[in-house]
>>> print(open('structure-v1.txt').read())   # compact mmCIF, N, CA and C atoms
# COMPACT_ATOMS: atom_id res chain seq x y z
N GLN A 1 0.85 -1.19 0.00
CA GLN A 1 0.00 0.00 0.00
C GLN A 1 0.89 1.24 0.00
N LEU A 2 0.65 2.11 -0.95
CA LEU A 2 1.43 3.34 -1.06
C LEU A 2 0.99 4.30 0.03
N GLN A 3 1.95 4.81 0.76
CA GLN A 3 1.67 5.81 1.79
C GLN A 3 2.64 6.97 1.65
N LEU A 4 2.13 8.15 1.97
CA LEU A 4 2.92 9.38 1.93
C LEU A 4 2.85 10.06 3.29
N VAL A 5 3.98 10.52 3.77
CA VAL A 5 4.02 11.20 5.06
C VAL A 5 4.79 12.51 4.88
N GLU A 6 4.10 13.63 5.16
CA GLU A 6 4.74 14.93 5.07
C GLU A 6 5.37 15.30 6.41
N SER A 7 6.41 16.09 6.33
CA SER A 7 7.05 16.64 7.52
C SER A 7 7.72 17.95 7.15
N GLY A 8 8.11 18.70 8.17
CA GLY A 8 8.86 19.93 7.95
C GLY A 8 8.06 21.21 8.04
N GLY A 9 6.77 21.09 8.30
CA GLY A 9 5.95 22.29 8.41
C GLY A 9 6.16 22.99 9.75
N GLY A 10 5.38 24.04 9.96
CA GLY A 10 5.47 24.75 11.23
C GLY A 10 5.25 26.23 11.07
N LEU A 11 5.70 26.97 12.05
CA LEU A 11 5.55 28.43 12.08
C LEU A 11 6.84 29.07 11.60
N VAL A 12 6.71 30.02 10.70
CA VAL A 12 7.87 30.73 10.18
C VAL A 12 7.51 32.20 10.03
N GLN A 13 8.48 33.06 10.20
CA GLN A 13 8.23 34.49 10.05
C GLN A 13 8.18 34.88 8.58
N PRO A 14 7.49 35.96 8.26
CA PRO A 14 7.47 36.44 6.86
C PRO A 14 8.88 36.64 6.33
N GLY A 15 9.09 36.21 5.09
CA GLY A 15 10.41 36.26 4.50
C GLY A 15 11.25 35.04 4.75
N GLY A 16 10.78 34.16 5.60
CA GLY A 16 11.54 32.97 5.96
C GLY A 16 11.37 31.83 4.98
N SER A 17 11.97 30.70 5.33
CA SER A 17 11.98 29.52 4.45
C SER A 17 11.60 28.27 5.24
N LEU A 18 11.07 27.31 4.53
CA LEU A 18 10.81 25.99 5.07
C LEU A 18 11.09 24.97 3.98
N ARG A 19 11.48 23.77 4.41
CA ARG A 19 11.59 22.67 3.48
C ARG A 19 10.65 21.56 3.93
N LEU A 20 9.68 21.27 3.10
CA LEU A 20 8.76 20.17 3.38
C LEU A 20 9.31 18.89 2.76
N SER A 21 9.06 17.80 3.44
CA SER A 21 9.47 16.48 2.94
C SER A 21 8.23 15.62 2.77
N CYS A 22 8.28 14.77 1.77
CA CYS A 22 7.20 13.80 1.51
C CYS A 22 7.87 12.44 1.34
N ALA A 23 7.80 11.64 2.40
CA ALA A 23 8.42 10.32 2.38
C ALA A 23 7.42 9.29 1.89
N ALA A 24 7.82 8.54 0.88
CA ALA A 24 6.94 7.54 0.29
C ALA A 24 7.31 6.14 0.77
N SER A 25 6.31 5.33 1.03
CA SER A 25 6.53 3.92 1.35
C SER A 25 5.56 3.08 0.53
N GLY A 26 5.95 1.82 0.30
CA GLY A 26 5.13 0.97 -0.54
C GLY A 26 5.20 1.37 -2.00
N PHE A 27 6.23 2.14 -2.34
CA PHE A 27 6.35 2.72 -3.68
C PHE A 27 7.78 3.18 -3.84
N THR A 28 8.32 3.11 -5.06
CA THR A 28 9.68 3.57 -5.27
C THR A 28 9.72 4.77 -6.20
N LEU A 29 10.60 5.70 -5.90
CA LEU A 29 10.80 6.85 -6.76
C LEU A 29 11.89 6.58 -7.79
N ASP A 30 12.35 5.35 -7.87
CA ASP A 30 13.36 4.98 -8.86
C ASP A 30 12.71 5.02 -10.23
N TYR A 31 13.03 6.02 -11.02
CA TYR A 31 12.35 6.24 -12.29
C TYR A 31 12.73 5.21 -13.34
N TYR A 32 13.72 4.37 -13.06
CA TYR A 32 14.02 3.27 -13.97
C TYR A 32 13.06 2.12 -13.77
N ARG A 33 12.34 2.14 -12.67
CA ARG A 33 11.49 1.00 -12.32
C ARG A 33 10.01 1.30 -12.39
N THR A 34 9.66 2.59 -12.36
CA THR A 34 8.24 2.88 -12.31
C THR A 34 7.95 4.28 -12.84
N ASP A 35 6.74 4.48 -13.32
CA ASP A 35 6.26 5.80 -13.71
C ASP A 35 5.50 6.41 -12.54
N TYR A 36 5.63 7.69 -12.38
CA TYR A 36 4.90 8.36 -11.30
C TYR A 36 4.88 9.86 -11.51
N THR A 37 3.99 10.49 -10.79
CA THR A 37 3.98 11.94 -10.63
C THR A 37 3.74 12.23 -9.16
N ILE A 38 4.54 13.08 -8.60
CA ILE A 38 4.37 13.53 -7.22
C ILE A 38 4.04 15.02 -7.26
N GLY A 39 2.98 15.39 -6.60
CA GLY A 39 2.57 16.79 -6.58
C GLY A 39 2.52 17.36 -5.18
N TRP A 40 2.66 18.67 -5.10
CA TRP A 40 2.45 19.40 -3.85
C TRP A 40 1.26 20.33 -4.02
N PHE A 41 0.38 20.31 -3.05
CA PHE A 41 -0.82 21.12 -3.04
C PHE A 41 -0.90 21.85 -1.70
N ARG A 42 -1.77 22.83 -1.65
CA ARG A 42 -2.08 23.46 -0.38
C ARG A 42 -3.54 23.88 -0.36
N GLN A 43 -4.04 24.01 0.86
CA GLN A 43 -5.41 24.45 1.03
C GLN A 43 -5.48 25.37 2.23
N ALA A 44 -5.89 26.60 1.97
CA ALA A 44 -6.08 27.57 3.04
C ALA A 44 -7.55 27.55 3.45
N PRO A 45 -7.87 27.99 4.67
CA PRO A 45 -9.26 27.99 5.13
C PRO A 45 -10.16 28.76 4.18
N GLY A 46 -11.26 28.13 3.79
CA GLY A 46 -12.23 28.78 2.92
C GLY A 46 -11.84 28.84 1.46
N LYS A 47 -10.72 28.21 1.11
CA LYS A 47 -10.26 28.24 -0.27
C LYS A 47 -10.17 26.84 -0.84
N GLU A 48 -10.16 26.76 -2.16
CA GLU A 48 -10.02 25.47 -2.82
C GLU A 48 -8.56 24.99 -2.73
N ARG A 49 -8.41 23.67 -2.86
CA ARG A 49 -7.06 23.10 -2.88
C ARG A 49 -6.35 23.58 -4.13
N GLU A 50 -5.13 24.04 -3.96
CA GLU A 50 -4.36 24.65 -5.03
C GLU A 50 -3.15 23.80 -5.37
N GLY A 51 -2.97 23.47 -6.64
CA GLY A 51 -1.78 22.76 -7.08
C GLY A 51 -0.62 23.73 -7.18
N LEU A 52 0.51 23.36 -6.59
CA LEU A 52 1.67 24.24 -6.55
C LEU A 52 2.80 23.76 -7.46
N SER A 53 3.03 22.46 -7.47
CA SER A 53 4.17 21.94 -8.21
C SER A 53 4.05 20.44 -8.35
N CYS A 54 4.76 19.90 -9.33
CA CYS A 54 4.82 18.45 -9.46
C CYS A 54 6.14 18.06 -10.10
N ILE A 55 6.47 16.80 -9.91
CA ILE A 55 7.66 16.24 -10.54
C ILE A 55 7.29 14.85 -11.05
N SER A 56 7.72 14.53 -12.25
CA SER A 56 7.37 13.23 -12.82
C SER A 56 8.63 12.40 -13.03
N SER A 57 8.41 11.12 -13.26
CA SER A 57 9.52 10.18 -13.35
C SER A 57 10.39 10.42 -14.58
N THR A 58 9.76 10.79 -15.69
CA THR A 58 10.52 10.95 -16.93
C THR A 58 11.34 12.24 -16.90
N ASP A 59 12.65 12.08 -16.92
CA ASP A 59 13.57 13.22 -17.00
C ASP A 59 13.40 14.21 -15.85
N GLY A 60 12.70 13.80 -14.81
CA GLY A 60 12.49 14.70 -13.69
C GLY A 60 11.74 15.96 -14.07
N TYR A 61 10.81 15.84 -15.01
CA TYR A 61 10.02 17.00 -15.44
C TYR A 61 9.35 17.65 -14.24
N THR A 62 9.38 18.97 -14.20
CA THR A 62 8.73 19.70 -13.11
C THR A 62 7.81 20.77 -13.67
N TRP A 63 6.81 21.08 -12.88
CA TRP A 63 5.86 22.15 -13.20
C TRP A 63 5.64 22.98 -11.94
N TYR A 64 5.43 24.29 -12.11
CA TYR A 64 5.15 25.18 -10.99
C TYR A 64 3.98 26.08 -11.32
N ALA A 65 3.12 26.28 -10.33
CA ALA A 65 2.08 27.28 -10.45
C ALA A 65 2.72 28.67 -10.40
N ASP A 66 2.02 29.67 -10.91
CA ASP A 66 2.56 31.04 -10.89
C ASP A 66 2.88 31.48 -9.46
N SER A 67 2.07 31.03 -8.52
CA SER A 67 2.29 31.44 -7.12
C SER A 67 3.55 30.82 -6.53
N ALA A 68 4.08 29.80 -7.21
CA ALA A 68 5.26 29.09 -6.71
C ALA A 68 6.54 29.42 -7.48
N LYS A 69 6.39 29.88 -8.68
CA LYS A 69 7.56 30.12 -9.54
C LYS A 69 8.51 31.13 -8.91
N GLY A 70 9.78 30.80 -8.92
CA GLY A 70 10.80 31.70 -8.40
C GLY A 70 10.98 31.65 -6.90
N ARG A 71 10.05 31.03 -6.18
CA ARG A 71 10.16 30.96 -4.71
C ARG A 71 10.26 29.53 -4.20
N PHE A 72 9.58 28.60 -4.87
CA PHE A 72 9.50 27.22 -4.40
C PHE A 72 10.23 26.30 -5.38
N THR A 73 10.82 25.24 -4.85
CA THR A 73 11.54 24.28 -5.67
C THR A 73 11.20 22.87 -5.24
N ILE A 74 10.82 22.05 -6.20
CA ILE A 74 10.54 20.64 -5.92
C ILE A 74 11.76 19.82 -6.35
N SER A 75 12.06 18.80 -5.56
CA SER A 75 13.19 17.94 -5.89
C SER A 75 12.94 16.55 -5.31
N ARG A 76 13.77 15.60 -5.68
CA ARG A 76 13.59 14.25 -5.19
C ARG A 76 14.94 13.64 -4.82
N ASP A 77 14.89 12.73 -3.86
CA ASP A 77 16.06 11.95 -3.47
C ASP A 77 15.64 10.49 -3.57
N ASN A 78 16.05 9.86 -4.65
CA ASN A 78 15.62 8.48 -4.87
C ASN A 78 16.13 7.55 -3.77
N ALA A 79 17.32 7.80 -3.28
CA ALA A 79 17.90 6.93 -2.26
C ALA A 79 17.07 6.96 -0.98
N LYS A 80 16.49 8.12 -0.68
CA LYS A 80 15.66 8.25 0.53
C LYS A 80 14.18 8.09 0.23
N ASN A 81 13.86 7.88 -1.05
CA ASN A 81 12.45 7.74 -1.46
C ASN A 81 11.60 8.91 -0.97
N THR A 82 12.15 10.10 -1.14
CA THR A 82 11.53 11.30 -0.59
C THR A 82 11.54 12.41 -1.63
N VAL A 83 10.44 13.15 -1.66
CA VAL A 83 10.33 14.36 -2.48
C VAL A 83 10.32 15.55 -1.54
N TYR A 84 11.06 16.58 -1.91
CA TYR A 84 11.18 17.78 -1.09
C TYR A 84 10.50 18.96 -1.77
N PHE A 85 10.12 19.92 -0.94
CA PHE A 85 9.52 21.15 -1.44
C PHE A 85 10.12 22.29 -0.64
N GLU A 86 11.09 22.95 -1.27
CA GLU A 86 11.78 24.07 -0.64
C GLU A 86 10.99 25.33 -0.90
N MET A 87 10.64 26.04 0.17
CA MET A 87 9.83 27.24 0.05
C MET A 87 10.59 28.43 0.63
N ASN A 88 10.79 29.46 -0.16
CA ASN A 88 11.52 30.65 0.26
C ASN A 88 10.63 31.88 0.14
N SER A 89 11.05 32.95 0.76
CA SER A 89 10.34 34.23 0.71
C SER A 89 8.86 34.05 1.05
N LEU A 90 8.61 33.35 2.13
CA LEU A 90 7.24 33.04 2.52
C LEU A 90 6.55 34.28 3.04
N GLY A 91 5.26 34.37 2.73
CA GLY A 91 4.44 35.45 3.22
C GLY A 91 3.18 34.91 3.86
N PRO A 92 2.43 35.78 4.54
CA PRO A 92 1.19 35.32 5.20
C PRO A 92 0.24 34.61 4.25
N GLU A 93 0.26 34.97 2.99
CA GLU A 93 -0.62 34.34 2.01
C GLU A 93 -0.26 32.89 1.74
N ASP A 94 0.88 32.46 2.20
CA ASP A 94 1.30 31.06 2.04
C ASP A 94 0.83 30.17 3.19
N THR A 95 0.18 30.77 4.17
CA THR A 95 -0.36 29.99 5.28
C THR A 95 -1.44 29.05 4.78
N ALA A 96 -1.27 27.76 5.05
CA ALA A 96 -2.20 26.75 4.55
C ALA A 96 -1.77 25.38 5.07
N VAL A 97 -2.62 24.39 4.84
CA VAL A 97 -2.22 23.00 5.02
C VAL A 97 -1.64 22.53 3.69
N TYR A 98 -0.45 21.96 3.75
CA TYR A 98 0.24 21.51 2.54
C TYR A 98 0.17 19.99 2.46
N TYR A 99 -0.08 19.52 1.25
CA TYR A 99 -0.22 18.09 1.00
C TYR A 99 0.71 17.65 -0.13
N CYS A 100 1.26 16.45 0.00
CA CYS A 100 1.87 15.83 -1.16
C CYS A 100 0.93 14.72 -1.64
N ALA A 101 1.00 14.45 -2.92
CA ALA A 101 0.11 13.48 -3.53
C ALA A 101 0.89 12.70 -4.58
N ALA A 102 0.44 11.48 -4.84
CA ALA A 102 1.13 10.62 -5.79
C ALA A 102 0.16 9.97 -6.76
N ALA A 103 0.63 9.86 -7.98
CA ALA A 103 -0.06 9.08 -9.00
C ALA A 103 0.96 8.11 -9.58
N THR A 104 0.54 6.87 -9.79
CA THR A 104 1.46 5.85 -10.29
C THR A 104 1.47 5.83 -11.81
N ARG A 105 1.51 7.02 -12.38
CA ARG A 105 1.62 7.21 -13.81
C ARG A 105 2.03 8.66 -14.02
N GLU A 106 2.40 8.99 -15.23
CA GLU A 106 2.74 10.37 -15.53
C GLU A 106 1.47 11.11 -15.93
N ILE A 107 1.32 12.30 -15.40
CA ILE A 107 0.10 13.08 -15.57
C ILE A 107 0.39 14.31 -16.40
N SER A 108 -0.45 14.55 -17.38
CA SER A 108 -0.27 15.75 -18.20
C SER A 108 -0.69 17.01 -17.46
N TRP A 109 -1.80 16.93 -16.71
CA TRP A 109 -2.31 18.09 -15.98
C TRP A 109 -2.08 17.87 -14.50
N CYS A 110 -0.84 18.00 -14.09
CA CYS A 110 -0.48 17.59 -12.74
C CYS A 110 -0.96 18.57 -11.68
N TRP A 111 -1.55 19.70 -12.05
CA TRP A 111 -2.14 20.62 -11.11
C TRP A 111 -3.55 20.22 -10.72
N ASP A 112 -4.09 19.20 -11.37
CA ASP A 112 -5.46 18.76 -11.12
C ASP A 112 -5.45 17.71 -10.02
N TYR A 113 -6.00 18.04 -8.86
CA TYR A 113 -5.92 17.11 -7.73
C TYR A 113 -6.71 15.84 -7.97
N ASP A 114 -7.66 15.85 -8.89
CA ASP A 114 -8.42 14.64 -9.20
C ASP A 114 -7.57 13.57 -9.87
N GLU A 115 -6.39 13.95 -10.35
CA GLU A 115 -5.52 13.00 -11.04
C GLU A 115 -4.74 12.12 -10.06
N TYR A 116 -4.75 12.47 -8.80
CA TYR A 116 -3.91 11.77 -7.81
C TYR A 116 -4.74 10.81 -6.97
N ALA A 117 -4.23 9.60 -6.79
CA ALA A 117 -4.96 8.59 -6.02
C ALA A 117 -4.48 8.51 -4.57
N TYR A 118 -3.29 9.00 -4.30
CA TYR A 118 -2.71 8.84 -2.96
C TYR A 118 -2.33 10.21 -2.39
N TRP A 119 -2.66 10.40 -1.13
CA TRP A 119 -2.44 11.69 -0.48
C TRP A 119 -1.81 11.48 0.89
N GLY A 120 -0.95 12.42 1.25
CA GLY A 120 -0.46 12.46 2.62
C GLY A 120 -1.52 13.05 3.53
N GLN A 121 -1.20 13.09 4.81
CA GLN A 121 -2.18 13.54 5.81
C GLN A 121 -2.25 15.06 5.87
N GLY A 122 -1.30 15.74 5.26
CA GLY A 122 -1.28 17.20 5.29
C GLY A 122 -0.46 17.71 6.46
N ILE A 123 0.15 18.87 6.26
CA ILE A 123 0.95 19.48 7.33
C ILE A 123 0.73 20.98 7.29
N GLN A 124 0.62 21.56 8.48
CA GLN A 124 0.32 22.98 8.59
C GLN A 124 1.58 23.81 8.40
N VAL A 125 1.45 24.85 7.58
CA VAL A 125 2.48 25.87 7.44
C VAL A 125 1.82 27.20 7.79
N THR A 126 2.38 27.88 8.77
CA THR A 126 1.85 29.17 9.21
C THR A 126 2.95 30.21 9.08
N VAL A 127 2.65 31.28 8.35
CA VAL A 127 3.62 32.36 8.17
C VAL A 127 3.08 33.58 8.92
N SER A 128 3.75 33.93 9.98
CA SER A 128 3.27 35.00 10.84
C SER A 128 4.41 35.55 11.67
N SER A 129 4.33 36.84 11.98
CA SER A 129 5.32 37.44 12.86
C SER A 129 4.84 37.43 14.31
>>> encode(input="structure-v1.txt", output="structure tokens")
Amino acid sequence: QLQLVESGGGLVQPGGSLRLSCAASGFTLDYYRTDYTIGWFRQAPGKEREGLSCISSTDGYTWYADSAKGRFTISRDNAKNTVYFEMNSLGPEDTAVYYCAAATREISWCWDYDEYAYWGQGIQVTVSS
């Protein structure tokens, strides 16, 4: 059974940085062995879930939402079976619950949360002084 566990969230001051981790089990990020897409999403109170970024198995293709471009970076460590989400220049508008999600195939529209079958439990990120 594929499981995802997020970590690294918390409280950070405006302008600060956080690195979220998404550890996968029951699944390998070894792109020689399997196809996949891993996405990062967030949901703020009263708002819809927003796709921020994704990375796919083929050539490590990545995509970023406009809200993430230039500030956030997605990466993977196959040896640790973990996908990271480095977030810089955080502002109060980035306060939300952040989720990683997995699909066991490559997705063309990786910002669409309906494309993902597996989700982590979510982790709170709060940006406040």
>>> closest_residue(input="structure-v1.txt", among="A:Tyr84, A:Trp40, A:Trp63, A:Phe72", to="Gly120 in chain A", atoms="only C-alpha atoms")
A:Trp40
>>> atom_distance(input="structure-v1.txt", atom1="atom N of Asp59 in chain A", atom2="atom N of Cys100 in chain A")
20.9 Å
>>> closest_residue(input="structure-v1.txt", among="A:Ile74, A:Met87, A:Cys22, A:Ala117", to="Tyr99 in chain A", atoms="only N, CA and C atoms")
A:Cys22
>>> atom_distance(input="structure-v1.txt", atom1="CA of Asp30 in chain A", atom2="CA of Ala68 in chain A")
25.5 Å
>>> atom_distance(input="structure-v1.txt", atom1="atom N of Asp35 in chain A", atom2="atom C of Val5 in chain A")
20.0 Å
>>> closest_residue(input="structure-v1.txt", among="A:Thr62, A:Ser89, A:Thr104, A:Asn81", to="Leu29 in chain A", atoms="all atoms listed in the file")
A:Asn81
>>> closest_residue(input="structure-v1.txt", among="A:Ser53, A:Ser129, A:Ser108, A:Gln124", to="Gly9 in chain A", atoms="all atoms listed in the file")
A:Gln124
>>> closest_residue(input="structure-v1.txt", among="A:Ala96, A:Val125, A:Glu115, A:Ser25", to="Ala44 in chain A", atoms="all atoms listed in the file")
A:Ala96
>>> select_by_dssp(input="structure-v1.txt", residues="chain A", states="helix (DSSP H, G or I)", output="short mmCIF file (atom, residue, chain, number, x, y, z; two decimals) with N, CA and C atoms, in the frame of the given file")
data_model
loop_
_atom_site.label_atom_id
_atom_site.label_comp_id
_atom_site.auth_asym_id
_atom_site.auth_seq_id
_atom_site.Cartn_x
_atom_site.Cartn_y
_atom_site.Cartn_z
N THR A 58 9.76 10.79 -15.69
CA THR A 58 10.52 10.95 -16.93
C THR A 58 11.34 12.24 -16.90
N ASP A 59 12.65 12.08 -16.92
CA ASP A 59 13.57 13.22 -17.00
C ASP A 59 13.40 14.21 -15.85
N GLY A 60 12.70 13.80 -14.81
CA GLY A 60 12.49 14.70 -13.69
C GLY A 60 11.74 15.96 -14.07
N ASN A 78 16.05 9.86 -4.65
CA ASN A 78 15.62 8.48 -4.87
C ASN A 78 16.13 7.55 -3.77
N ALA A 79 17.32 7.80 -3.28
CA ALA A 79 17.90 6.93 -2.26
C ALA A 79 17.07 6.96 -0.98
N LYS A 80 16.49 8.12 -0.68
CA LYS A 80 15.66 8.25 0.53
C LYS A 80 14.18 8.09 0.23
N PRO A 92 2.43 35.78 4.54
CA PRO A 92 1.19 35.32 5.20
C PRO A 92 0.24 34.61 4.25
N GLU A 93 0.26 34.97 2.99
CA GLU A 93 -0.62 34.34 2.01
C GLU A 93 -0.26 32.89 1.74
N ASP A 94 0.88 32.46 2.20
CA ASP A 94 1.30 31.06 2.04
C ASP A 94 0.83 30.17 3.19
N TYR A 113 -6.00 18.04 -8.86
CA TYR A 113 -5.92 17.11 -7.73
C TYR A 113 -6.71 15.84 -7.97
N ASP A 114 -7.66 15.85 -8.89
CA ASP A 114 -8.42 14.64 -9.20
C ASP A 114 -7.57 13.57 -9.87
N GLU A 115 -6.39 13.95 -10.35
CA GLU A 115 -5.52 13.00 -11.04
C GLU A 115 -4.74 12.12 -10.06
#
>>> axis_aligned_box(input="structure-v1.txt", around="range 103-107 of chain A", padding_each_side="3 Å", output="JSON")
{"center_x": 1.3, "center_y": 10.1, "center_z": -12.2, "size_x": 8.8, "size_y": 14.5, "size_z": 14.4}
>>> closest_residue(input="structure-v1.txt", among="A:Ile123, A:Ala101, A:Leu90, A:Ile107", to="Leu18 in chain A", atoms="all atoms listed in the file")
A:Leu90
>>> residues_around(input="structure-v1.txt", residues="Asp114 in chain A", least_positions_apart="4", cutoff="12 Å", atoms="only C-alpha atoms", output="list in words")
Gly39, Phe41, Arg49, Glu50, Gly51, Ala101, Ala102, Ala103, Ile107, Trp109, Cys110, Tyr118 and Trp119 of chain A
>>> residues_around(input="structure-v1.txt", residues="Ser57 in chain A", least_positions_apart="5", cutoff="6.5 Å", atoms="all atoms listed in the file", output="VMD selection string")
chain A and resid 31 34 to 38 106
>>> decode(input="structure-v1.txt", residues="range 18-88 of chain A", atoms="C-alpha atoms", output="PDB file, in the first residue's frame")
ATOM      1  CA  LEU A  18      10.810  25.989   5.072  1.00  0.00           C
ATOM      2  CA  ARG A  19      11.586  22.673   3.476  1.00  0.00           C
ATOM      3  CA  LEU A  20       8.759  20.172   3.376  1.00  0.00           C
ATOM      4  CA  SER A  21       9.465  16.485   2.940  1.00  0.00           C
ATOM      5  CA  CYS A  22       7.203  13.801   1.506  1.00  0.00           C
ATOM      6  CA  ALA A  23       8.418  10.322   2.379  1.00  0.00           C
ATOM      7  CA  ALA A  24       6.936   7.543   0.290  1.00  0.00           C
ATOM      8  CA  SER A  25       6.526   3.923   1.348  1.00  0.00           C
ATOM      9  CA  GLY A  26       5.127   0.967  -0.544  1.00  0.00           C
ATOM     10  CA  PHE A  27       6.348   2.716  -3.680  1.00  0.00           C
ATOM     11  CA  THR A  28       9.681   3.569  -5.268  1.00  0.00           C
ATOM     12  CA  LEU A  29      10.804   6.846  -6.760  1.00  0.00           C
ATOM     13  CA  ASP A  30      13.364   4.985  -8.860  1.00  0.00           C
ATOM     14  CA  TYR A  31      12.353   6.237 -12.291  1.00  0.00           C
ATOM     15  CA  TYR A  32      14.022   3.274 -13.971  1.00  0.00           C
ATOM     16  CA  ARG A  33      11.494   1.003 -12.321  1.00  0.00           C
ATOM     17  CA  THR A  34       8.236   2.878 -12.310  1.00  0.00           C
ATOM     18  CA  ASP A  35       6.261   5.798 -13.713  1.00  0.00           C
ATOM     19  CA  TYR A  36       4.901   8.362 -11.298  1.00  0.00           C
ATOM     20  CA  THR A  37       3.982  11.938 -10.628  1.00  0.00           C
ATOM     21  CA  ILE A  38       4.369  13.533  -7.220  1.00  0.00           C
ATOM     22  CA  GLY A  39       2.574  16.790  -6.579  1.00  0.00           C
ATOM     23  CA  TRP A  40       2.454  19.396  -3.848  1.00  0.00           C
ATOM     24  CA  PHE A  41      -0.818  21.124  -3.042  1.00  0.00           C
ATOM     25  CA  ARG A  42      -2.076  23.463  -0.379  1.00  0.00           C
ATOM     26  CA  GLN A  43      -5.413  24.453   1.027  1.00  0.00           C
ATOM     27  CA  ALA A  44      -6.083  27.571   3.042  1.00  0.00           C
ATOM     28  CA  PRO A  45      -9.260  27.990   5.130  1.00  0.00           C
ATOM     29  CA  GLY A  46     -12.231  28.775   2.922  1.00  0.00           C
ATOM     30  CA  LYS A  47     -10.259  28.245  -0.274  1.00  0.00           C
ATOM     31  CA  GLU A  48     -10.016  25.470  -2.819  1.00  0.00           C
ATOM     32  CA  ARG A  49      -7.064  23.103  -2.877  1.00  0.00           C
ATOM     33  CA  GLU A  50      -4.356  24.647  -5.033  1.00  0.00           C
ATOM     34  CA  GLY A  51      -1.777  22.763  -7.082  1.00  0.00           C
ATOM     35  CA  LEU A  52       1.674  24.242  -6.553  1.00  0.00           C
ATOM     36  CA  SER A  53       4.174  21.940  -8.210  1.00  0.00           C
ATOM     37  CA  CYS A  54       4.818  18.454  -9.462  1.00  0.00           C
ATOM     38  CA  ILE A  55       7.660  16.236 -10.539  1.00  0.00           C
ATOM     39  CA  SER A  56       7.374  13.233 -12.819  1.00  0.00           C
ATOM     40  CA  SER A  57       9.519  10.180 -13.354  1.00  0.00           C
ATOM     41  CA  THR A  58      10.520  10.953 -16.928  1.00  0.00           C
ATOM     42  CA  ASP A  59      13.573  13.219 -16.997  1.00  0.00           C
ATOM     43  CA  GLY A  60      12.492  14.698 -13.690  1.00  0.00           C
ATOM     44  CA  TYR A  61      10.016  16.996 -15.442  1.00  0.00           C
ATOM     45  CA  THR A  62       8.733  19.702 -13.115  1.00  0.00           C
ATOM     46  CA  TRP A  63       5.864  22.153 -13.198  1.00  0.00           C
ATOM     47  CA  TYR A  64       5.147  25.177 -10.993  1.00  0.00           C
ATOM     48  CA  ALA A  65       2.079  27.283 -10.452  1.00  0.00           C
ATOM     49  CA  ASP A  66       2.556  31.039 -10.894  1.00  0.00           C
ATOM     50  CA  SER A  67       2.285  31.435  -7.122  1.00  0.00           C
ATOM     51  CA  ALA A  68       5.256  29.089  -6.706  1.00  0.00           C
ATOM     52  CA  LYS A  69       7.559  30.123  -9.538  1.00  0.00           C
ATOM     53  CA  GLY A  70      10.800  31.698  -8.397  1.00  0.00           C
ATOM     54  CA  ARG A  71      10.159  30.962  -4.714  1.00  0.00           C
ATOM     55  CA  PHE A  72       9.496  27.217  -4.402  1.00  0.00           C
ATOM     56  CA  THR A  73      11.544  24.284  -5.670  1.00  0.00           C
ATOM     57  CA  ILE A  74      10.541  20.642  -5.925  1.00  0.00           C
ATOM     58  CA  SER A  75      13.191  17.939  -5.891  1.00  0.00           C
ATOM     59  CA  ARG A  76      13.593  14.247  -5.186  1.00  0.00           C
ATOM     60  CA  ASP A  77      16.059  11.950  -3.468  1.00  0.00           C
ATOM     61  CA  ASN A  78      15.615   8.478  -4.870  1.00  0.00           C
ATOM     62  CA  ALA A  79      17.896   6.926  -2.262  1.00  0.00           C
ATOM     63  CA  LYS A  80      15.660   8.253   0.532  1.00  0.00           C
ATOM     64  CA  ASN A  81      12.452   7.736  -1.459  1.00  0.00           C
ATOM     65  CA  THR A  82      11.530  11.297  -0.586  1.00  0.00           C
ATOM     66  CA  VAL A  83      10.332  14.356  -2.477  1.00  0.00           C
ATOM     67  CA  TYR A  84      11.180  17.779  -1.090  1.00  0.00           C
ATOM     68  CA  PHE A  85       9.519  21.152  -1.440  1.00  0.00           C
ATOM     69  CA  GLU A  86      11.778  24.070  -0.637  1.00  0.00           C
ATOM     70  CA  MET A  87       9.828  27.243   0.049  1.00  0.00           C
ATOM     71  CA  ASN A  88      11.517  30.650   0.260  1.00  0.00           C
TER      72      ASN A  88
END
